[in-house]
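To start, the structure under review is shown below, and the notes come after it.
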Amino acid sequence: MTADLYVPADGWLHRADPRVKFALTVLLLGLTLALRQTSVILMALLIEHVLLMTSKIPLRNMLRIWKMLLPLIVMIVVMWPLFDHTGADMLFGFGPVILTKQNLVMAAVMGLRVPALAFACFVLLFTTDQAMLVRGLVALGVPYRIGLTISTSLRYIPEFFVMFSTISQAQQARGLNLTTGKAKLSRRVRAYIPVIIAVLIQGFTIGENVGRAMESRGLGMQGVRRSYYRQLRMRPSDWAILAAGMLCAAAVAVLAIVA
């Protein structure tokens, strides 16, 4: 993954007001969290992929997210029947593993919910650069310093993944053994301690550099009123996107409740 989640393009979501994209993300997250029907979660996933594809987000970016989420999805689906023994229609039972129609359906729902929640966030993050993300948060009433902190944190999450991978490869080239095979979990954790320490040191260095850069630009100076090069204004197209999103979310919720 690159060091920035934003994908430069000229898609319709890129041109939309960031507040509208915040609203779409919240609607998708709300539907996915509030409703447990498999059809609703699949519909949310479909809508999210359609939004990204029509906004000219490359397919490789979406496949990369699926690749990152796949181990988590498999773990949830496999482990869910170990903890959820609900359901009267038993299909299989052996020790702590009890498979019923109900808990298998819930395992599928929970497995699908993870990418649905993730892609709801990436609808915003793939199509909104850092400056517009901060402007959107400020326009919604969030103080500028908090908005900047949130957007900067999101900006550096993928960079830490890249940093961890780079440092791991460099340490292995110097003879560090990270392939512990069937060793105990504690031994595996200890093997990664040099990598984690190096990542933390690099992270502190980056944080100090970012802090100095912000101070040199006057962040937090008393008595200074911040001005903005570009003022956010809702256009008719933004209101149309917002209205269409709210109507679709309401229709899906009503259909799911009635069904």
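Going through the structure tokens in order, the chains are called A, B, and so on, while each chain numbers its residues from 1 and the ligands are numbered from 1 in the order shown.
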
Write out as a ChimeraX atom specification each polymer residue whose atoms come within 8 Å of Leu13 of chain A, counting only C-alpha atoms; drop sequence neighbours fewer than 6 positions from it. /A:21,51,55,127

Restricted to C-alpha atoms, what would the selected residues look like written as a compact mmCIF listing (two decimals), in the first residue's frame?
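This went into part_10.txt:
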```txt
# COMPACT_ATOMS: atom_id res chain seq x y z
CA LYS A 21 -18.96 11.86 1.63
CA LEU A 51 -19.31 4.13 -5.79
CA SER A 55 -15.27 7.37 -9.14
CA THR A 127 -11.66 10.09 -2.74
```

Of A:Val50, A:Gln172, A:Gln222, A:Ile167, the one sitting nearest Ile201 of chain A when using only C-alpha atoms is A:Ile167

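Excluding Glu48 of chain A and any residue on its chain fewer than 2 positions from it, the residues at most 7 Å away by only C-alpha atoms are Ala44, Leu45, Leu46, Val50, Leu51, Leu52, Phe119, Ala120 and Val123 of chain A.
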
(message) Please list as a list in words every residue within 8 Å of segment 239-245 of chain A, counting only C-alpha atoms and excluding residues in the same chain fewer than 2 positions away.
(response)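 The contact residues come out as Val20, Ala23, Leu24, Leu27, Met234, Arg235, Pro236, Ser237, Leu247, Cys248 and Ala249 of chain A.
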
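Note that atom CA of Gln169 of chain A and atom CA of Leu72 of chain A are 23.3 Å apart.
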
Shell of 12 Å around segment 37-39 of chain A, only C-alpha atoms, local chain residues under 3 positions omitted, as a ChimeraX atom specification: /A:31-34,42-46,104-113,116,252-253,255-259

With only C-alpha atoms as the basis for distance, which of A:Val74, A:Arg19, A:Val195, A:Val254 is at the shortest distance from Thr128 of chain A?
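Checking each of A:Val74, A:Arg19, A:Val195, A:Val254 against Thr128 of chain A, counting only C-alpha atoms, the winner is A:Arg19.
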
| field | Members of segment 19-221 of chain A assigned helix (DSSP H, G or I) by DSSP, as a PyMOL selection string | value | chain A and resi 19-34+38-54+59-83+101-125+130-139+144-173+185-191+193-216

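Rounded to one decimal, atom CA of Tyr6 of chain A and atom CA of Ile157 of chain A lie 12.4 Å from each other.
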
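Ranking A:His14, A:Asp238, A:Gly203, A:Val114 by their shortest atom-to-atom distance to Leu133 of chain A, with only C-alpha atoms included, puts A:His14 first.
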